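Read through the structure below, which is laid out as structure tokens, and then see the notes.
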Amino acid sequence: MNRARRALASGEILIFDGATGTLLQQRGLPPGQSPELFGLTHPEAVRTSHLDYIRAGARAVTSNTFGGSRFKLPPGTDVTALNRRMAEIAREAAGDDVLVVGSIGPTGKFVQPMGELTLRELVDVFAEQVRGLAQGGADMIIAETHFDLAEAKAMVLACHQVCDLPVAVCMTFEGLASLTGTTPLVFADTMRNLGVDLLGVNCGLGPAGMMDVVRDWLARASMPFLVKPNAGLPRLENGRTVFPMGPEEFAAETAGFVDLGAKVLCGCCGTTPAHIAALARAVSGRPWRRPEAENPLAVTSRSRTVAVGGAHPLAVIGERVNPTGKPVLTAELQAGELSEALRLASEQVESGAAILDVNVGAPMVVEAEILPRLVQSLIGRVDAPLCLDSNDIAALTAGLWAYPGSALVNSISGEPGRMELLGPLCKHHGAPFILLPLEGRKLPVTAAERLGIVERLVDKALGLGIPKHLIMVDALALTVSSKSEAALACFETIRHCREAWGLPTCLGLSNISFGLPARELVNSTFLAMCMGSGLAAVIANPNSARLRETAFAAEVLRARDPQAGRFIASYAGWRSGNGGGAAVPGQGAGNAAGGAPARGPAATLRQAVIQGDKAGLPAMIEAALASGRAASEILNGELIPGILEVGQKYEHKEYFLPQLLLSAETMRLGFDRLRPLLADASEGEGAGRIVMATVEGDIHDIGKNIVCLMLANHGYEVVDLGKDVPAERIVGEALDIDADVIGLSALMTTTMVRMADTVRLRDEKGCRARIMVGGAVVTDAFAASIGADGYSPDAVGAVREAARLVGAARGCQSLETC
């Protein structure tokens, strides 16, 4: 067994190392230079930094490769060779008794549809690093400071593709969600599905701020977890970035995670060998006890998780994105159009579907092309996790490569070779799947026949190394009008799967009543009886009021709705025959986690911006212009109010970065179309001129790019100088264009001090531009300490701050009066 896996399986609390940037700076690393490139020319500085942590009591050292991807290094750098060398240096210091953990940080890029990279391309980027780290002697790979679920998934896929080393993944949260809207529970479920060895949280917060993240994990913490806090929040003192927590205070607070079941403790920004030594003393002799957690089947999107089975509410899988019997949907899919599919998806989520079944199988539809396109469109439209439904293995493969979370696959049958092809694919992507008890052409009518097939398929899956928590069984509802025992066979199949094998079950509801009158009555009664037998999920039309009523009432009777809370909240005003109108229980508070609401068809231009309807907005603008509406009226009366409402939703955590970006891009489409038609050019330019840049030495630009997009959408003239920009160029550009505002961004504590250079040079040159700053490590107090005129923690706030600062630059007597 790999020595890292042995250590993770032991009953010992493991102490990893702390931050390396400060130690390397003490040994000559210039501010802003790449630590990885510095390590190539100064290997002894890296080696002695590792040794400092080993002497402090660290059982593992982390390679100097956090920024070692092709996107963070100069063009032409041999990425694999650099990572290999850094791992070798760590190995030399660690010897045989200390673990070497290969570090991989975020690339600064987004995958489609938020960015331009495909998931496969991002996997290839990470594979270059993983290959070098494995060759250099790493015992484990760790992804650190990741904030997007798709990128974290890509890193795991790269590890599994290149090597068999244990994998740890750490996500950075702002409160209880990442920058792109992933909650701790969504992250935990997705990583569990992917087979990650160690779950982690790092950076962004001190120990106290991470407590709620870890508590959210405990329901699912079946794998060991790691906690890597900062030494408090940074502040600037005498021109230096400092972290306020001393070693003893840091150790006392971080040691508290042992009581919650943490396996690995270590330090992020601001921690030193002294912090790690104090932490090692604080936990010395304390044993690790793995937390007791359930291990349910879970289907996830970027921001929502749906647990299926056990005590969790019935998961309703919306069935209507399926061209069978839908001529409008069929015609659109054949033409490559997705509008009707998106409408049906939004409608079902609004009716309470927990998961959406997505099927594009129709004559003359190339599923392998249309399914991934629809998946990517749905990612920005709804938060509900998806179920990919196809008999086409190429289509399922393409769909899984387009999805950021853990999609459900419908289905794997006993058809020869299907498990061997689809099973490993689902395991690789961490995709739960529905096991369909069909072999050959004969339908298994009795429960015994079905259970025999299920047992053979489960044995085959387990033999392929597929974890049991990825498997759900279809109880196979046949038509009761022709096979009178069909329902009884379902009940027995459901009970046996639950009681004997611990497997959740689902079924397609409508089959049971085919050929009968009052089908909805039969369906709802059948559903109640299946739930009584332990049914975990149902593929059905969530728009049915009778279905909703039956499901909610059955949850109370099955003791899966404590104190009937969800039932009372939904049906307190119910009267017989009024249809109820509540959502189905699969969207109940116990089964879903965060996320923005579904975005239905837009009726107005304002709604199109709010809902991010990029496809529909252009035609709506043309129709508005054709009706005689002025460009200025459309802009000021519809588009701008829409993007302002999006900003409010973002601030209130109703929307997250994916929704913000989609709406901002929709707004930009509209603004670009209207700009030439504005009667007075000043309408699009009068808001102000702003120079934006990421400061010298910092190569992170995601946050800055989002701010630029939002500012442009609000009519500002934005000059984006890019990343790693010296103060001389920033101030020079501001003078050249007579800018009102300079916006500065930094992600690293080692480069945030460069913001002060721009403030000083602005004052020396007599530039009138006001300066606003932002970035993950920047705070309001830091902004004030360097003399910046404004600060914003996010893009929405930056737009508001820009308005205030433009007013100040254009004539207010003081900032306070603007």
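Starting from 1 in every chain, residues are counted up; chains themselves are A, B, ... following the order of the structure tokens, and ligands are numbered from 1 as listed.
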#### Entry: helix (DSSP H, G or I) call set, DSSP backbone run, segment 163-309 of chain A, as an MDAnalysis selection string
chainID A and resid 184:194 207:217 247:260 273:283
### Query
Using only C-alpha atoms, which residues sit within 8 Å of Met210 of chain A once same-chain residues fewer than 4 positions away are excluded, as a VMD selection string?
chain A and resid 201 205 to 206 214 227 229
Dump of N, CA, C and O atoms for the selected residues, as a PDB file, in the first residue's frame:
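Saved file again36.pdb follows:
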```
ATOM      1  N   VAL A 201     -10.336  21.922   3.167  1.00  0.00           N
ATOM      2  CA  VAL A 201     -10.666  23.340   3.044  1.00  0.00           C
ATOM      3  C   VAL A 201      -9.403  24.114   3.377  1.00  0.00           C
ATOM      4  O   VAL A 201      -8.686  23.785   4.319  1.00  0.00           O
ATOM      5  N   LEU A 205      -9.867  31.996   5.107  1.00  0.00           N
ATOM      6  CA  LEU A 205     -10.436  32.140   6.439  1.00  0.00           C
ATOM      7  C   LEU A 205      -9.431  31.701   7.489  1.00  0.00           C
ATOM      8  O   LEU A 205      -8.542  30.900   7.231  1.00  0.00           O
ATOM      9  N   GLY A 206      -9.618  32.230   8.698  1.00  0.00           N
ATOM     10  CA  GLY A 206      -8.890  31.714   9.844  1.00  0.00           C
ATOM     11  C   GLY A 206      -9.585  30.482  10.386  1.00  0.00           C
ATOM     12  O   GLY A 206     -10.616  30.043   9.860  1.00  0.00           O
ATOM     13  N   VAL A 214     -16.723  22.789   8.085  1.00  0.00           N
ATOM     14  CA  VAL A 214     -16.479  21.421   8.529  1.00  0.00           C
ATOM     15  C   VAL A 214     -17.747  20.801   9.111  1.00  0.00           C
ATOM     16  O   VAL A 214     -18.045  19.618   8.871  1.00  0.00           O
ATOM     17  N   VAL A 227      -7.944  20.292   7.275  1.00  0.00           N
ATOM     18  CA  VAL A 227      -8.272  21.692   7.537  1.00  0.00           C
ATOM     19  C   VAL A 227      -6.975  22.487   7.514  1.00  0.00           C
ATOM     20  O   VAL A 227      -6.023  22.162   8.231  1.00  0.00           O
ATOM     21  N   PRO A 229      -6.204  26.375   7.712  1.00  0.00           N
ATOM     22  CA  PRO A 229      -6.601  27.781   7.811  1.00  0.00           C
ATOM     23  C   PRO A 229      -5.422  28.741   7.705  1.00  0.00           C
ATOM     24  O   PRO A 229      -4.262  28.373   7.901  1.00  0.00           O
TER      25      PRO A 229
END
```
#### Entry: Point-to-point distance in Å for atom CA of Leu386 of chain A and atom CA of Pro296 of chain A
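Atom-to-atom, atom CA of Pro296 of chain A to atom CA of Leu386 of chain A, that is 17.2 Å.
Secondary structure from DSSP on the backbone puts strand (DSSP E) at the following positions of segment 395-516 of chain A: Leu408, Val409, Asn410, Ser411, Ile412, Phe433, Ile434, Leu435, Ile471, Met472, Val473, Asp474, Thr505, Cys506, Leu507 and Gly508 of chain A.
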Per residue of segment 222-284 of chain A within 12 Å of segment 137-149 of chain A, which atom pair is closest and at what distance in Å (one decimal), using only C-alpha atoms, listed by chain and increasing number, as a tab-separated table?
```
residue	atom	partner	partner_atom	distance
A:Leu226	CA	A:Ile142	CA	10.6
A:Val227	CA	A:Glu144	CA	11.2
A:Lys228	CA	A:Glu144	CA	9.6
A:Pro229	CA	A:Thr145	CA	10.9
A:Asn230	CA	A:Thr145	CA	11.6
A:Gly267	CA	A:Glu144	CA	11.9
A:Cys268	CA	A:Thr145	CA	9.7
A:Cys269	CA	A:Thr145	CA	11.0
```
### Message
Rounded to one decimal, what separation in Å do you get between atom CA of Leu344 of chain A and atom CA of Leu356 of chain A?
### Response
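Going from atom CA of Leu344 of chain A over to atom CA of Leu356 of chain A, I get 9.8 Å.
Taking atom CA of Ile742 of chain A and atom CA of Gly32 of chain A as endpoints, the distance between them is 20.4 Å.
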#### Entry: A:Cys203, A:Leu422, A:Ala221, A:Leu661 ranked by distance to Arg290 of chain A, top pick (using only C-alpha atoms)
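Of A:Cys203, A:Leu422, A:Ala221, A:Leu661, the one nearest Arg290 of chain A is A:Ala221, counting only C-alpha atoms.
Considering only C-alpha atoms, the residue among A:Val308, A:Ile699, A:Ile379, A:Ala798 positioned nearest to Met752 of chain A is A:Ile699.
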### Query
Neighbours of Leu507 of chain A within 9 Å (only C-alpha atoms; same-chain residues fewer than 5 positions away dropped), as a list in words?
Val473, Asp474, Ala475, Leu476, Ala477, Cys490, Leu535, Ala537, Val538, Ile539 and Ala540 of chain A
### Query
Which polymer residues have any atom within 7 Å of an atom of segment 617-623 of chain A, counting only C-alpha atoms, with same-chain residues fewer than 2 positions away left out, as a PyMOL selection string?
chain A and resi 605+608+613-615+625-627+670
